[in-house]
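K.L.:
Data file run-v9.txt (compact mmCIF, C-alpha atoms) is appended below.
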# COMPACT_ATOMS: atom_id res chain seq x y z
CA MET K 1 10.10 -1.08 0.05
CA TYR K 2 11.31 2.46 0.72
CA ASN K 3 10.66 3.80 4.19
CA PHE K 4 7.97 6.39 4.88
CA ASP K 5 6.39 8.36 7.70
CA PHE K 6 3.57 6.39 9.25
CA HIS K 7 0.44 8.13 10.56
CA ARG K 8 -2.42 6.56 12.45
CA PRO K 9 -5.17 9.17 12.72
CA ARG K 10 -8.18 8.70 15.01
CA SER K 11 -10.66 10.70 12.93
CA VAL K 12 -11.55 11.40 9.30
CA ASP K 13 -10.66 15.07 9.74
CA GLU K 14 -7.22 14.15 11.02
CA ALA K 15 -6.71 11.70 8.13
CA VAL K 16 -7.67 14.33 5.57
CA LYS K 17 -5.23 16.75 7.20
CA HIS K 18 -2.42 14.20 6.76
CA LEU K 19 -3.45 13.78 3.10
CA GLN K 20 -2.20 17.30 2.48
CA ALA K 21 1.34 16.21 3.37
CA GLU K 22 3.80 15.55 0.57
CA ASP K 23 3.13 12.41 -1.45
CA ALA K 24 0.60 10.86 0.95
CA LYS K 25 -1.31 7.60 0.51
CA LEU K 26 -4.21 6.15 2.48
CA LEU K 27 -3.74 2.60 3.77
CA ALA K 28 -6.89 0.53 4.33
CA GLY K 29 -6.47 -3.25 3.96
CA GLY K 30 -3.16 -2.83 2.15
CA GLN K 31 -3.65 -5.84 -0.10
CA THR K 32 -2.78 -3.78 -3.18
CA LEU K 33 -0.84 -0.83 -1.76
CA LEU K 34 1.75 -2.89 0.14
CA PRO K 35 2.61 -5.24 -2.77
CA THR K 36 2.84 -2.17 -5.02
CA MET K 37 5.21 -0.49 -2.55
CA LYS K 38 7.36 -3.63 -2.38
CA GLN K 39 7.75 -3.49 -6.14
CA ARG K 40 8.55 0.21 -5.80
CA LEU K 41 5.77 1.02 -8.22
CA ALA K 42 4.56 3.25 -5.39
CA ALA K 43 6.86 4.97 -2.91
CA PRO K 44 4.74 7.37 -0.85
CA LYS K 45 6.52 9.60 1.66
CA ASN K 46 3.55 9.49 4.01
CA VAL K 47 1.32 6.49 4.71
CA ILE K 48 -1.94 7.14 6.56
CA ASP K 49 -3.40 4.04 8.20
CA LEU K 50 -7.20 4.32 8.43
CA ASN K 51 -7.68 1.31 10.71
CA ALA K 52 -7.78 3.24 13.99
CA ILE K 53 -10.65 5.50 12.85
CA GLY K 54 -13.96 4.39 14.35
CA GLY K 55 -17.19 4.21 12.35
CA LEU K 56 -15.68 3.45 8.94
CA SER K 57 -16.59 -0.22 9.06
CA GLY K 58 -19.90 -2.07 9.12
CA ILE K 59 -23.02 -2.81 7.13
CA GLU K 60 -26.41 -1.16 7.50
CA HIS K 61 -29.62 -2.10 5.71
CA LYS K 62 -32.27 0.62 5.44
CA GLY K 63 -35.81 0.31 4.16
CA GLY K 64 -37.03 -2.68 2.22
CA SER K 65 -39.74 -5.16 3.13
CA LEU K 66 -40.12 -8.74 4.25
CA VAL K 67 -40.99 -11.13 1.45
CA MET K 68 -41.46 -14.88 1.27
CA ASP K 69 -38.62 -16.68 -0.48
CA LYS K 70 -38.99 -20.42 -0.92
CA ASN K 71 -35.33 -20.80 -1.91
CA ALA K 72 -34.25 -19.10 1.30
CA GLY K 73 -36.72 -21.22 3.29
CA GLY K 74 -38.66 -18.35 4.84
CA THR K 75 -39.16 -14.63 4.85
CA VAL K 76 -36.22 -12.41 3.92
CA LEU K 77 -35.71 -8.67 3.86
CA ARG K 78 -35.62 -7.39 0.29
CA GLY K 79 -35.29 -3.96 -1.29
CA GLY K 80 -34.11 -0.81 0.42
CA THR K 81 -30.45 0.18 0.44
CA LEU K 82 -27.27 -1.32 1.85
CA SER K 83 -24.73 1.09 3.25
CA ILE K 84 -21.27 -0.48 3.56
CA GLY K 85 -18.50 1.33 5.43
CA ALA K 86 -15.30 1.95 3.47
CA LEU K 87 -13.19 -0.16 5.83
CA THR K 88 -15.50 -3.19 5.75
CA ARG K 89 -13.47 -6.30 4.85
CA HIS K 90 -14.44 -8.51 1.90
CA ALA K 91 -14.98 -11.42 4.32
CA GLU K 92 -17.51 -9.37 6.32
CA VAL K 93 -19.51 -8.53 3.18
CA ALA K 94 -19.35 -12.16 2.03
CA GLU K 95 -20.64 -13.48 5.37
CA SER K 96 -23.16 -10.73 6.19
CA GLU K 97 -26.75 -11.99 6.53
CA GLU K 98 -28.00 -8.50 5.58
CA VAL K 99 -26.03 -8.53 2.32
CA LYS K 100 -27.04 -12.12 1.57
CA GLN K 101 -30.70 -11.17 1.93
CA ALA K 102 -30.76 -7.75 0.26
CA ILE K 103 -28.18 -8.27 -2.54
CA PRO K 104 -27.04 -11.92 -2.63
CA ALA K 105 -25.03 -11.20 -5.81
CA LEU K 106 -22.90 -8.74 -3.85
CA ALA K 107 -22.16 -11.26 -1.07
CA ALA K 108 -21.21 -13.83 -3.71
CA LEU K 109 -18.94 -11.31 -5.47
CA ALA K 110 -17.13 -10.52 -2.20
CA ALA K 111 -16.72 -14.25 -1.49
CA GLY K 112 -14.90 -14.62 -4.81
CA ILE K 113 -12.25 -11.94 -4.29
CA GLY K 114 -8.67 -13.20 -3.81
CA ASP K 115 -8.36 -15.90 -1.16
CA PRO K 116 -9.55 -16.20 2.47
CA ALA K 117 -6.54 -14.37 3.98
CA VAL K 118 -6.80 -11.54 1.44
CA ARG K 119 -10.54 -11.27 2.15
CA ASN K 120 -9.79 -10.90 5.87
CA ARG K 121 -7.77 -7.72 5.18
CA GLY K 122 -8.94 -6.17 1.89
CA THR K 123 -11.64 -3.50 2.08
CA ILE K 124 -14.40 -2.29 -0.21
CA GLY K 125 -13.25 1.33 -0.01
CA GLY K 126 -9.69 0.39 -0.88
CA SER K 127 -10.77 -1.67 -3.85
CA ILE K 128 -12.94 1.10 -5.25
CA ALA K 129 -10.44 3.91 -4.64
CA ASN K 130 -7.73 1.83 -6.33
CA ASN K 131 -9.99 1.07 -9.33
CA ASP K 132 -7.91 -1.80 -10.65
CA PRO K 133 -9.25 -2.59 -14.15
CA ALA K 134 -9.65 -6.27 -13.15
CA ALA K 135 -11.13 -5.72 -9.67
CA ASP K 136 -14.60 -7.05 -8.81
CA TYR K 137 -16.16 -4.27 -6.71
CA PRO K 138 -16.13 -1.60 -9.46
CA ALA K 139 -18.42 -3.90 -11.51
CA ALA K 140 -20.83 -4.17 -8.56
CA CYS K 141 -20.87 -0.40 -8.03
CA LEU K 142 -21.50 0.35 -11.69
CA GLY K 143 -23.82 -2.64 -12.17
CA LEU K 144 -26.02 -1.66 -9.22
CA GLY K 145 -25.85 2.13 -9.63
CA ALA K 146 -24.21 2.63 -6.23
CA ALA K 147 -23.40 5.98 -4.63
CA ILE K 148 -19.91 6.55 -3.25
CA VAL K 149 -20.05 8.80 -0.19
CA THR K 150 -16.89 10.76 0.62
CA ASN K 151 -15.94 13.32 3.26
CA LYS K 152 -17.05 15.99 0.76
CA ARG K 153 -19.92 14.69 -1.36
CA GLU K 154 -21.81 11.81 -2.86
CA ILE K 155 -20.60 10.56 -6.25
CA SER K 156 -22.65 8.24 -8.45
CA ALA K 157 -20.78 5.18 -9.70
CA ASP K 158 -21.40 6.39 -13.25
CA ASP K 159 -19.27 9.46 -12.51
CA PHE K 160 -16.75 7.83 -10.17
CA PHE K 161 -14.66 5.43 -12.29
CA LYS K 162 -12.54 7.52 -14.65
CA GLY K 163 -10.09 5.11 -16.25
CA LEU K 164 -7.18 2.83 -15.32
CA PHE K 165 -6.61 3.29 -11.58
CA GLU K 166 -8.30 6.71 -11.97
CA THR K 167 -11.31 7.91 -10.01
CA ALA K 168 -13.20 11.15 -9.41
CA LEU K 169 -11.66 11.42 -5.92
CA ALA K 170 -9.88 14.71 -5.26
CA ALA K 171 -6.46 14.76 -3.57
CA ASP K 172 -7.99 15.60 -0.18
CA GLU K 173 -10.99 13.32 -0.48
CA MET K 174 -11.59 9.89 1.05
CA ILE K 175 -14.39 7.36 0.76
CA LEU K 176 -16.54 6.93 3.88
CA ARG K 177 -19.07 4.40 2.61
CA VAL K 178 -20.73 2.94 -0.44
CA VAL K 179 -24.52 2.87 -0.72
CA PHE K 180 -26.06 0.16 -2.90
CA PRO K 181 -29.75 0.26 -3.85
CA ALA K 182 -31.06 -3.32 -3.69
CA PRO K 183 -32.06 -4.51 -7.16
CA GLY K 184 -35.03 -6.70 -8.12
CA ARG K 185 -32.56 -9.31 -9.31
CA ALA K 186 -28.85 -9.40 -10.01
CA ALA K 187 -25.90 -11.71 -10.57
CA TYR K 188 -22.16 -11.47 -11.11
CA MET K 189 -20.29 -13.97 -13.25
CA LYS K 190 -16.52 -13.96 -13.30
CA PHE K 191 -14.15 -15.81 -15.58
CA ARG K 192 -11.20 -15.59 -13.29
CA HIS K 193 -7.51 -16.01 -13.74
CA PRO K 194 -6.78 -19.26 -11.88
CA ALA K 195 -3.62 -17.98 -10.15
CA SER K 196 -4.32 -14.32 -9.39
CA ARG K 197 -8.09 -14.82 -9.06
CA PHE K 198 -8.60 -11.43 -10.71
CA ALA K 199 -11.26 -11.24 -13.42
CA ILE K 200 -10.19 -11.92 -17.00
CA VAL K 201 -13.78 -10.93 -17.64
CA GLY K 202 -16.44 -10.28 -15.02
CA VAL K 203 -19.99 -9.17 -15.80
CA PHE K 204 -22.45 -7.77 -13.27
CA VAL K 205 -26.09 -7.67 -14.39
CA SER K 206 -28.96 -6.13 -12.42
CA GLU K 207 -32.61 -5.39 -13.05
CA LYS K 208 -34.82 -3.06 -11.04
CA GLN K 209 -38.36 -2.15 -12.11
CA GLY K 210 -37.53 -2.78 -15.75
CA ALA K 211 -34.26 -0.82 -15.78
CA VAL K 212 -31.21 -2.97 -16.51
CA ARG K 213 -27.52 -2.38 -15.88
CA VAL K 214 -24.69 -4.45 -17.37
CA ALA K 215 -21.19 -3.65 -16.08
CA VAL K 216 -17.99 -5.30 -17.28
CA THR K 217 -14.67 -5.55 -15.45
CA GLY K 218 -11.34 -7.15 -16.39
CA ALA K 219 -11.68 -6.35 -20.06
CA GLY K 220 -11.74 -2.61 -20.75
CA GLN K 221 -8.61 -0.63 -21.53
CA SER K 222 -10.07 2.17 -19.42
CA GLY K 223 -11.37 -0.04 -16.64
CA VAL K 224 -14.97 -0.93 -15.81
CA PHE K 225 -17.67 -0.01 -18.37
CA ARG K 226 -21.38 -0.48 -19.14
CA VAL K 227 -22.82 -2.13 -22.25
CA PRO K 228 -25.84 -0.03 -23.37
CA ALA K 229 -26.80 -2.39 -26.23
CA MET K 230 -27.18 -5.30 -23.79
CA GLU K 231 -29.02 -3.14 -21.26
CA LYS K 232 -31.57 -2.10 -23.90
CA ALA K 233 -32.14 -5.65 -25.12
CA LEU K 234 -32.50 -7.01 -21.58
CA ALA K 235 -34.90 -4.21 -20.57
CA GLU K 236 -37.18 -5.45 -23.34
CA ARG K 237 -36.77 -9.12 -22.48
CA PHE K 238 -34.69 -10.35 -19.52
CA GLU K 239 -33.58 -13.68 -20.98
CA PRO K 240 -30.08 -14.93 -21.87
CA ASP K 241 -30.90 -15.24 -25.57
CA ALA K 242 -32.04 -11.61 -25.71
CA ILE K 243 -28.37 -10.60 -25.91
CA GLU K 244 -27.29 -13.43 -28.20
CA GLY K 245 -25.39 -11.91 -31.10
CA ILE K 246 -24.67 -8.52 -29.51
CA LYS K 247 -21.05 -7.90 -30.47
CA ILE K 248 -18.52 -6.06 -28.30
CA ASP K 249 -15.88 -4.07 -30.16
CA PRO K 250 -12.50 -5.64 -29.23
CA SER K 251 -10.55 -2.50 -30.19
CA ASP K 252 -11.30 -0.99 -26.77
CA LEU K 253 -10.41 -4.16 -24.85
CA VAL K 254 -7.24 -5.39 -23.15
CA SER K 255 -4.92 -7.86 -24.89
CA ASP K 256 -2.29 -9.49 -22.67
CA ILE K 257 -0.62 -12.84 -22.02
CA HIS K 258 -3.78 -14.09 -20.30
CA ALA K 259 -6.28 -13.38 -23.06
CA ALA K 260 -6.49 -11.59 -26.42
CA ALA K 261 -8.97 -8.75 -26.94
CA ASP K 262 -11.23 -10.69 -29.32
CA TYR K 263 -11.37 -13.59 -26.82
CA ARG K 264 -12.34 -11.16 -24.06
CA ALA K 265 -15.01 -9.66 -26.36
CA HIS K 266 -16.48 -13.13 -26.83
CA LEU K 267 -16.25 -13.90 -23.10
CA ILE K 268 -18.24 -10.76 -22.24
CA GLY K 269 -21.20 -12.15 -24.18
CA VAL K 270 -20.86 -15.57 -22.55
CA MET K 271 -20.52 -14.24 -19.00
CA ALA K 272 -23.35 -11.73 -19.50
CA GLN K 273 -25.67 -14.53 -20.62
CA ARG K 274 -24.67 -16.65 -17.63
CA ALA K 275 -25.27 -13.71 -15.31
CA VAL K 276 -28.76 -13.12 -16.75
CA LYS K 277 -29.55 -16.81 -16.29
CA ALA K 278 -28.25 -16.79 -12.71
CA ALA K 279 -30.22 -13.63 -11.88
CA GLY K 280 -33.35 -15.54 -12.98
CA MET H 1 11.07 4.93 14.88
CA PRO H 2 7.49 3.89 15.61
CA LYS H 3 6.93 1.66 18.60
CA VAL H 4 4.63 -1.37 18.53
CA SER H 5 3.12 -3.23 21.43
CA LEU H 6 1.25 -6.42 20.76
CA SER H 7 0.63 -9.92 22.02
CA VAL H 8 2.44 -12.73 20.22
CA ASN H 9 1.51 -16.29 21.16
CA GLY H 10 0.11 -15.00 24.44
CA LYS H 11 3.18 -12.98 25.42
CA ALA H 12 3.26 -9.19 25.52
CA VAL H 13 5.89 -7.79 23.16
CA SER H 14 7.09 -4.21 22.67
CA ALA H 15 9.64 -3.06 20.13
CA ASP H 16 10.80 -0.20 17.94
CA VAL H 17 10.40 -0.94 14.24
CA GLU H 18 10.93 0.91 11.01
CA ALA H 19 7.55 1.89 9.55
CA ARG H 20 8.22 -0.25 6.47
CA THR H 21 8.90 -3.43 8.45
CA LEU H 22 6.49 -6.16 7.42
CA LEU H 23 4.82 -8.18 10.14
CA VAL H 24 6.55 -11.34 8.88
CA THR H 25 9.97 -9.66 9.02
CA PHE H 26 9.27 -8.47 12.55
CA LEU H 27 8.24 -11.97 13.67
CA ARG H 28 11.21 -13.70 12.06
CA GLU H 29 14.05 -11.25 12.51
CA GLN H 30 13.21 -9.38 15.69
CA LEU H 31 11.32 -12.03 17.62
CA LYS H 32 13.24 -14.95 16.05
CA LEU H 33 9.98 -16.81 15.41
CA THR H 34 11.17 -18.42 12.19
CA GLY H 35 8.28 -20.90 11.90
CA THR H 36 6.43 -18.35 9.80
CA HIS H 37 7.96 -18.57 6.33
CA ILE H 38 8.47 -16.11 3.51
CA GLY H 39 7.74 -17.92 0.27
CA CYS H 40 6.77 -15.61 -2.55
CA ASP H 41 6.63 -12.24 -0.75
CA THR H 42 3.84 -11.28 -3.19
CA SER H 43 0.72 -12.35 -1.20
CA GLN H 44 0.21 -15.46 -3.29
CA CYS H 45 1.73 -18.50 -1.59
CA GLY H 46 0.43 -18.30 1.98
CA ALA H 47 3.60 -19.63 3.67
CA CYS H 48 3.47 -16.53 5.92
CA VAL H 49 -0.11 -16.95 7.19
CA VAL H 50 -0.55 -16.09 10.88
CA HIS H 51 -3.64 -15.18 12.90
CA VAL H 52 -4.21 -11.53 13.77
CA ASP H 53 -7.06 -11.02 16.24
CA GLY H 54 -8.30 -14.51 15.41
CA LYS H 55 -8.23 -14.19 11.62
CA ALA H 56 -5.84 -15.66 9.07
CA VAL H 57 -3.80 -13.00 7.30
CA LYS H 58 -0.73 -12.99 5.08
CA SER H 59 1.92 -11.46 7.32
CA CYS H 60 3.99 -10.43 4.28
CA THR H 61 1.16 -8.08 3.34
CA MET H 62 0.70 -6.27 6.60
CA LEU H 63 3.00 -3.78 8.32
CA ALA H 64 4.28 -4.57 11.80
CA VAL H 65 3.05 -1.12 12.93
CA GLN H 66 -0.45 -2.13 11.85
CA ALA H 67 -0.37 -4.97 14.37
CA ASP H 68 -0.03 -2.49 17.25
CA GLY H 69 -2.47 -3.59 19.95
CA ALA H 70 -3.29 -6.83 18.13
CA ARG H 71 -3.23 -10.44 19.27
CA VAL H 72 -0.98 -12.44 16.94
CA VAL H 73 -0.68 -16.23 16.91
CA THR H 74 1.99 -17.99 14.84
CA ILE H 75 2.66 -21.68 14.22
CA GLU H 76 4.84 -21.66 17.36
CA GLY H 77 1.76 -20.75 19.38
CA LEU H 78 -0.32 -23.80 18.50
CA ALA H 79 1.32 -26.64 20.43
CA ALA H 80 0.50 -26.61 24.14
CA ASP H 81 2.24 -28.34 27.04
CA GLY H 82 4.61 -30.24 24.75
CA ALA H 83 1.80 -31.79 22.73
CA LEU H 84 1.17 -30.97 19.08
CA HIS H 85 -2.05 -29.16 18.20
CA PRO H 86 -4.59 -31.62 16.70
CA MET H 87 -4.10 -30.05 13.26
CA GLN H 88 -0.31 -30.43 13.50
CA GLU H 89 -0.75 -34.04 14.65
CA ALA H 90 -3.08 -34.72 11.72
CA PHE H 91 -0.48 -33.43 9.24
CA ARG H 92 2.09 -35.79 10.82
CA GLU H 93 -0.26 -38.77 10.80
CA ASN H 94 -1.47 -38.27 7.23
CA HIS H 95 1.87 -37.42 5.62
CA GLY H 96 0.56 -33.91 4.96
CA LEU H 97 4.03 -32.50 4.40
CA GLN H 98 6.87 -33.32 2.08
CA CYS H 99 9.55 -30.60 2.14
CA GLY H 100 7.57 -28.80 4.86
CA PHE H 101 8.09 -25.26 3.63
CA CYS H 102 4.39 -24.47 3.10
CA THR H 103 3.27 -26.39 6.20
CA PRO H 104 3.12 -23.56 8.79
CA GLY H 105 0.91 -21.49 6.48
CA MET H 106 -1.19 -24.52 5.56
CA ILE H 107 -1.81 -25.32 9.23
CA MET H 108 -2.63 -21.74 10.23
CA THR H 109 -5.02 -21.48 7.27
CA ALA H 110 -6.55 -24.86 8.17
CA VAL H 111 -7.21 -23.84 11.80
CA ASP H 112 -8.83 -20.61 10.55
CA LEU H 113 -10.98 -22.66 8.18
CA VAL H 114 -12.17 -24.89 11.05
CA ASN H 115 -12.92 -21.80 13.17
CA ARG H 116 -15.13 -20.48 10.35
CA GLU H 117 -16.65 -23.61 8.85
CA GLY H 118 -16.74 -26.12 11.69
CA ASN H 119 -15.34 -29.60 12.22
CA ASP H 120 -16.92 -31.51 9.36
CA LEU H 121 -15.25 -30.24 6.23
CA ASP H 122 -15.86 -31.77 2.81
CA GLU H 123 -13.11 -31.88 0.20
CA GLN H 124 -14.55 -28.99 -1.82
CA THR H 125 -14.65 -26.68 1.22
CA ILE H 126 -11.06 -27.55 2.13
CA ARG H 127 -9.75 -27.06 -1.41
CA GLU H 128 -11.50 -23.70 -1.72
CA GLY H 129 -10.20 -22.71 1.72
CA LEU H 130 -6.67 -23.43 0.51
CA GLU H 131 -6.90 -21.13 -2.53
CA GLY H 132 -4.34 -18.78 -1.02
CA ASN H 133 -1.80 -21.46 -0.08
CA LEU H 134 0.60 -23.06 -2.52
CA CYS H 135 2.57 -26.30 -2.09
CA ARG H 136 5.43 -26.59 -4.57
CA CYS H 137 5.78 -30.30 -3.85
CA THR H 138 2.16 -30.41 -5.11
CA GLY H 139 1.30 -32.54 -2.10
CA TYR H 140 -2.26 -31.26 -1.94
CA HIS H 141 -3.93 -34.65 -1.74
CA ASN H 142 -2.51 -35.48 1.68
CA ILE H 143 -2.84 -31.88 2.87
CA VAL H 144 -6.58 -32.06 2.18
CA LYS H 145 -6.74 -35.43 3.97
CA SER H 146 -4.81 -34.02 6.93
CA ILE H 147 -7.11 -31.02 7.26
CA ALA H 148 -10.26 -33.17 7.17
CA ALA H 149 -8.79 -35.36 9.94
CA GLY H 150 -7.42 -32.40 11.93
CA ALA H 151 -10.79 -30.64 11.77
CA LYS H 152 -12.51 -33.68 13.29
CA ALA H 153 -9.80 -34.03 15.94
CA MET H 154 -10.30 -30.38 16.93
CA LYS H 155 -13.92 -31.11 17.91
CA GLY H 156 -14.48 -30.17 21.51
CA LYS H 157 -10.90 -28.96 21.87
CA ARG H 158 -10.05 -25.34 22.53
CA ARG H 159 -10.57 -23.08 19.52
CA ALA H 160 -6.85 -22.55 19.18
CA ALA H 161 -5.68 -19.18 17.96
Show how you would write the structure in this file as structure tokens.
P.N.:
Amino acid sequence: MYNFDFHRPRSVDEAVKHLQAEDAKLLAGGQTLLPTMKQRLAAPKNVIDLNAIGGLSGIEHKGGSLVMDKNAGGTVLRGGTLSIGALTRHAEVAESEEVKQAIPALAALAAGIGDPAVRNRGTIGGSIANNDPAADYPAACLGLGAAIVTNKREISADDFFKGLFETALAADEMILRVVFPAPGRAAYMKFRHPASRFAIVGVFVSEKQGAVRVAVTGAGQSGVFRVPAMEKALAERFEPDAIEGIKIDPSDLVSDIHAAADYRAHLIGVMAQRAVKAAG
Amino acid sequence: MPKVSLSVNGKAVSADVEARTLLVTFLREQLKLTGTHIGCDTSQCGACVVHVDGKAVKSCTMLAVQADGARVVTIEGLAADGALHPMQEAFRENHGLQCGFCTPGMIMTAVDLVNREGNDLDEQTIREGLEGNLCRCTGYHNIVKSIAAGAKAMKGKRRAA
């Protein structure tokens, strides 16, 4: 790893000021940035550690109502929105009672990222800003219609993910939190690579008042994407066999040593059906 | 050069480090705590797992400067008063190590698992908890046995690290 100037700002304003320095990178959990720097795929001159800034971490549930859930063995808070601070670790999201009640699929997704030590460091904001084409959180953002709140504006997930490792974030912009509207039902199913634990294909399905979202990660050449044909079929009938036979064009999908594009195309159908079944 | 001040195995430590120094490099080369191992250096194998503020992290994927103000515990910090920590003792009793290279990371991960999941761990929980730790001797069977026994032995003992 090449050396760099290290900055540890105490406020968002101060961090944004440092971002204007030459070749600057924000460091959150560092679970992608540091390995990338070791490989010299990234060699920033300035590294800005966000971990000393207060108020960037934590989970807040707003709105919603108490409903009886026999599976949960009592009343749980459903609906409303979950606001998750950019520096919130994957382990915190996975273990949060608020997340488990409002969007259990999101807690389960966080529990399946990397391994326990990675989940103790990695953050939701870092994952989304990095937009790795095989990362899990982009599928949750797109599959739930989340809003990404930055120091400048609020960006809908539909407008945020722009391609491989590309987002709508400007050079002097940083994520403060992600706001997820709680769905009526949702599930995420991941066919993961057994060593890296990244998704070979991951499908996030959600339904809210008849509107359905299907978001796919791990497979697209331009990163996470939605599948309108499946969304339409599931809006009419939310059953696994409603999407039986919907073909995904493999020409836009990744082919690598782990899986060929036509195999990934097939897996999308399989994982989407499993997700619909799990969402119930 | 940036300065870091932190607690390592209960002792206050202060040092100047290059910004790019990894926590594991700092522990091994500056503090001479060579119990923490560097296996893959790519966040996969878990030989470098230590506890930072009570949580298991891969010290090859954290900068030393990021540990400023933190409480770090390494494998050297587990044994107390000349007696092995119950988890270390369980690895010895159950033949939980062969070459021993992965053992420090396995034990630190195991103690973290007990802190999170309690003293009665089933095989599935242990195997999932070990997803970020690799043993190239493939000695997982006895590692899992050791952790189940060590978890029970930790009952009522101090929540080490």
K.L.:
Residues of chain K within 9 Å of chain H, counting all atoms listed in the file - could you list those as a PyMOL selection string?
P.N.:
chain K and resi 1-6+8+29-32+34-35+38+49+51+114-121+195-196
K.L.:
Would you list the contacts of segment 91-93 of chain H as a tab-separated table (two decimals) with C-alpha atoms, in the coordinates of the input, taking every protein, DNA or RNA residue within 7 Å and counting only C-alpha atoms, but skipping same-chain residues closer than 3 positions in sequence?
P.N.:
chain	number	residue	atom	x	y	z
H	87	MET	CA	-4.10	-30.05	13.26
H	88	GLN	CA	-0.31	-30.43	13.50
H	96	GLY	CA	0.56	-33.91	4.96
H	97	LEU	CA	4.03	-32.50	4.40
H	143	ILE	CA	-2.84	-31.88	2.87
H	146	SER	CA	-4.81	-34.02	6.93
K.L.:
Name the residues in contact with segment 135-143 of chain K at a cut-off of 8 Å, using all atoms listed in the file, excluding same-chain residues fewer than 2 positions from it; report them as a ChimeraX atom specification.
P.N.:
/K:106,109-110,113,124,127-128,131-133,145-147,157-158,161,180,188,198-199,202-206,213-218,224-226
K.L.:
For a cut-off of 12 Å around (-2.0, -26.6, 17.8), file coordinates, pick out all residues using all atoms listed in the file and list them as a PDB file with C-alpha atoms, in the coordinates of the input.
P.N.:
ATOM      1  CA  ASN H   9       1.510 -16.290  21.160  1.00  0.00           C
ATOM      2  CA  VAL H  73      -0.680 -16.230  16.910  1.00  0.00           C
ATOM      3  CA  THR H  74       1.990 -17.990  14.840  1.00  0.00           C
ATOM      4  CA  ILE H  75       2.660 -21.680  14.220  1.00  0.00           C
ATOM      5  CA  GLU H  76       4.840 -21.660  17.360  1.00  0.00           C
ATOM      6  CA  GLY H  77       1.760 -20.750  19.380  1.00  0.00           C
ATOM      7  CA  LEU H  78      -0.320 -23.800  18.500  1.00  0.00           C
ATOM      8  CA  ALA H  79       1.320 -26.640  20.430  1.00  0.00           C
ATOM      9  CA  ALA H  80       0.500 -26.610  24.140  1.00  0.00           C
ATOM     10  CA  ASP H  81       2.240 -28.340  27.040  1.00  0.00           C
ATOM     11  CA  GLY H  82       4.610 -30.240  24.750  1.00  0.00           C
ATOM     12  CA  ALA H  83       1.800 -31.790  22.730  1.00  0.00           C
ATOM     13  CA  LEU H  84       1.170 -30.970  19.080  1.00  0.00           C
ATOM     14  CA  HIS H  85      -2.050 -29.160  18.200  1.00  0.00           C
ATOM     15  CA  PRO H  86      -4.590 -31.620  16.700  1.00  0.00           C
ATOM     16  CA  MET H  87      -4.100 -30.050  13.260  1.00  0.00           C
ATOM     17  CA  GLN H  88      -0.310 -30.430  13.500  1.00  0.00           C
ATOM     18  CA  GLU H  89      -0.750 -34.040  14.650  1.00  0.00           C
ATOM     19  CA  ALA H  90      -3.080 -34.720  11.720  1.00  0.00           C
ATOM     20  CA  PHE H  91      -0.480 -33.430   9.240  1.00  0.00           C
ATOM     21  CA  PRO H 104       3.120 -23.560   8.790  1.00  0.00           C
ATOM     22  CA  ILE H 107      -1.810 -25.320   9.230  1.00  0.00           C
ATOM     23  CA  MET H 108      -2.630 -21.740  10.230  1.00  0.00           C
ATOM     24  CA  ALA H 110      -6.550 -24.860   8.170  1.00  0.00           C
ATOM     25  CA  VAL H 111      -7.210 -23.840  11.800  1.00  0.00           C
ATOM     26  CA  ASP H 112      -8.830 -20.610  10.550  1.00  0.00           C
ATOM     27  CA  GLY H 150      -7.420 -32.400  11.930  1.00  0.00           C
ATOM     28  CA  ALA H 151     -10.790 -30.640  11.770  1.00  0.00           C
ATOM     29  CA  ALA H 153      -9.800 -34.030  15.940  1.00  0.00           C
ATOM     30  CA  MET H 154     -10.300 -30.380  16.930  1.00  0.00           C
ATOM     31  CA  LYS H 157     -10.900 -28.960  21.870  1.00  0.00           C
ATOM     32  CA  ARG H 158     -10.050 -25.340  22.530  1.00  0.00           C
ATOM     33  CA  ARG H 159     -10.570 -23.080  19.520  1.00  0.00           C
ATOM     34  CA  ALA H 160      -6.850 -22.550  19.180  1.00  0.00           C
ATOM     35  CA  ALA H 161      -5.680 -19.180  17.960  1.00  0.00           C
TER      36      ALA H 161
END
K.L.:
Which polymer residues, protein or nucleic acid, are no farther than 10 Å from (-21.5, -19.8, 6.2), counting all atoms listed in the file, as a VMD selection string?
P.N.:
(chain K and resid 94 to 97) or (chain H and resid 116 to 118)
K.L.:
For atom CA of Gly210 of chain K and atom CA of Ser83 of chain K, determine how far apart the two atoms are, in Å to one decimal place.
P.N.:
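Atom CA of Ser83 of chain K lies 23.2 Å from atom CA of Gly210 of chain K.
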K.L.:
Could you please determine the separation between atom CA of Leu176 of chain K and atom CA of Val72 of chain H in Å, to one decimal place?
P.N.:
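Between atom CA of Leu176 of chain K and atom CA of Val72 of chain H the gap is 28.1 Å.
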K.L.:
Box in all listed atoms of segment 7-13 of chain H, axis-aligned, with 8 Å more on each side; write out centre and edge lengths in Å to one decimal as JSON.
P.N.:
{"center_x": 3.0, "center_y": -12.0, "center_z": 22.9, "size_x": 21.8, "size_y": 24.5, "size_z": 21.3}
K.L.:
From the block I gave, I'd like segment 204-212 of chain K written with C-alpha atoms, as a CSV table (one decimal), in the first residue's frame.
P.N.:
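Wrote decode32.csv, looks like this:
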chain,number,residue,atom,x,y,z
K,204,PHE,CA,-34.5,-8.8,-3.6
K,205,VAL,CA,-38.3,-8.9,-4.0
K,206,SER,CA,-40.7,-6.6,-2.2
K,207,GLU,CA,-44.4,-5.9,-2.4
K,208,LYS,CA,-46.2,-2.9,-1.0
K,209,GLN,CA,-49.9,-2.1,-1.6
K,210,GLY,CA,-49.8,-4.1,-4.9
K,211,ALA,CA,-46.6,-2.5,-6.2
K,212,VAL,CA,-43.8,-4.9,-6.7
